[in-house]
Amino acid sequence: MDIQVIGSSELVINGSIKSVTDYQEVKRIMTDMLRDSGKEITIRMPDSISITSSVIGYFLKLVYQDNVKITLIVSDPRLLSLLDDLRLTEAFNAVKE
């Protein structure tokens, strides 16, 4: 997994988030970004086909507890389908790139 920060409110996550270390890195970077940029963040996942439950839980906390607007842009239709099956498309404003 490789994370690239673009500007103050966009994050690109290349590769799959597979480990606890990956989750911790995503959380650390997003926490820093949100402290600096406010309550909106765009996350691009150009080549991931899945997302771990720990990251889903963190995103849900941001949306429902911290009132952060997340826009999740995915390239793989399987990931979008997974989010739809879990009824997370609306919560994460998930769209296909």
# chains A, B, ... in the order shown; residues from 1 in each chain; ligands from 1

call {"tool": "residues_around", "arguments": {"residues": "Met33 in chain A", "least_positions_apart": "3", "cutoff": "7 Å", "atoms": "only C-alpha atoms", "output": "ChimeraX atom specification"}}
result
/A:8-9,29-30,36-37

call {"tool": "write_last_selection", "arguments": {"atoms": "C-alpha atoms", "output": "short mmCIF file (atom, residue, chain, number, x, y, z; two decimals), in the first residue's frame"}}
result
data_model
loop_
_atom_site.label_atom_id
_atom_site.label_comp_id
_atom_site.auth_asym_id
_atom_site.auth_seq_id
_atom_site.Cartn_x
_atom_site.Cartn_y
_atom_site.Cartn_z
CA SER A 8 -5.07 19.64 1.91
CA SER A 9 -8.09 17.38 1.46
CA ILE A 29 -2.47 10.52 7.75
CA MET A 30 -6.21 11.23 7.68
CA ASP A 36 -5.44 20.95 9.01
CA SER A 37 -8.20 20.97 6.37
#

call {"tool": "residues_around", "arguments": {"residues": "Leu72 in chain A", "least_positions_apart": "3", "cutoff": "8 Å", "atoms": "only C-alpha atoms", "output": "PDB file with N, CA and C atoms, in the first residue's frame"}}
result
ATOM      1  N   THR A  42     -11.508  13.775   0.308  1.00  0.00           N
ATOM      2  CA  THR A  42     -11.729  12.921  -0.853  1.00  0.00           C
ATOM      3  C   THR A  42     -10.669  11.837  -0.825  1.00  0.00           C
ATOM      4  N   ILE A  43     -11.114  10.595  -0.968  1.00  0.00           N
ATOM      5  CA  ILE A  43     -10.211   9.453  -0.946  1.00  0.00           C
ATOM      6  C   ILE A  43     -10.350   8.712  -2.270  1.00  0.00           C
ATOM      7  N   ARG A  44      -9.254   8.599  -2.979  1.00  0.00           N
ATOM      8  CA  ARG A  44      -9.233   7.852  -4.235  1.00  0.00           C
ATOM      9  C   ARG A  44      -8.560   6.508  -3.998  1.00  0.00           C
ATOM     10  N   MET A  45      -9.205   5.458  -4.483  1.00  0.00           N
ATOM     11  CA  MET A  45      -8.653   4.108  -4.398  1.00  0.00           C
ATOM     12  C   MET A  45      -8.635   3.537  -5.818  1.00  0.00           C
ATOM     13  N   PHE A  92     -20.431   6.965   2.440  1.00  0.00           N
ATOM     14  CA  PHE A  92     -19.096   7.355   1.984  1.00  0.00           C
ATOM     15  C   PHE A  92     -19.143   8.138   0.681  1.00  0.00           C
ATOM     16  N   ASN A  93     -20.335   8.479   0.195  1.00  0.00           N
ATOM     17  CA  ASN A  93     -20.468   9.153  -1.094  1.00  0.00           C
ATOM     18  C   ASN A  93     -19.610   8.459  -2.143  1.00  0.00           C
ATOM     19  N   ALA A  94     -19.707   7.131  -2.174  1.00  0.00           N
ATOM     20  CA  ALA A  94     -18.844   6.321  -3.042  1.00  0.00           C
ATOM     21  C   ALA A  94     -19.314   6.371  -4.486  1.00  0.00           C
ATOM     22  N   VAL A  95     -18.360   6.612  -5.373  1.00  0.00           N
ATOM     23  CA  VAL A  95     -18.627   6.659  -6.802  1.00  0.00           C
ATOM     24  C   VAL A  95     -17.508   5.961  -7.551  1.00  0.00           C
TER      25      VAL A  95
END

call {"tool": "closest_residue", "arguments": {"among": "A:Ile6, A:Ile73, A:Thr52, A:Ile41", "to": "Val20 in chain A", "atoms": "only C-alpha atoms"}}
result
A:Thr52

call {"tool": "atom_distance", "arguments": {"atom1": "CA of Asp2 in chain A", "atom2": "CA of Ser19 in chain A"}}
result
12.6 Å

call {"tool": "atom_distance", "arguments": {"atom1": "CA of Gly57 in chain A", "atom2": "CA of Thr31 in chain A"}}
result
14.3 Å

call {"tool": "select_by_dssp", "arguments": {"residues": "range 7-53 of chain A", "states": "helix (DSSP H, G or I)", "output": "CSV table (one decimal) with C-alpha atoms, in the first residue's frame"}}
result
chain,number,residue,atom,x,y,z
A,20,VAL,CA,-3.1,-3.4,10.8
A,21,THR,CA,0.0,-1.3,10.0
A,22,ASP,CA,-1.8,-0.2,6.8
A,23,TYR,CA,-4.9,0.8,8.7
A,24,GLN,CA,-2.8,2.7,11.3
A,25,GLU,CA,-1.0,4.6,8.5
A,26,VAL,CA,-4.3,5.6,6.9
A,27,LYS,CA,-5.7,6.7,10.2
A,28,ARG,CA,-2.6,8.7,11.1
A,29,ILE,CA,-2.5,10.5,7.7
A,30,MET,CA,-6.2,11.2,7.7
A,31,THR,CA,-6.2,12.5,11.3
A,32,ASP,CA,-3.4,15.0,10.4
A,33,MET,CA,-5.2,16.0,7.2
A,34,LEU,CA,-8.5,16.6,8.9
A,35,ARG,CA,-6.8,18.6,11.7
A,36,ASP,CA,-5.4,20.9,9.0
A,37,SER,CA,-8.2,21.0,6.4
A,53,SER,CA,-13.3,-3.8,8.3
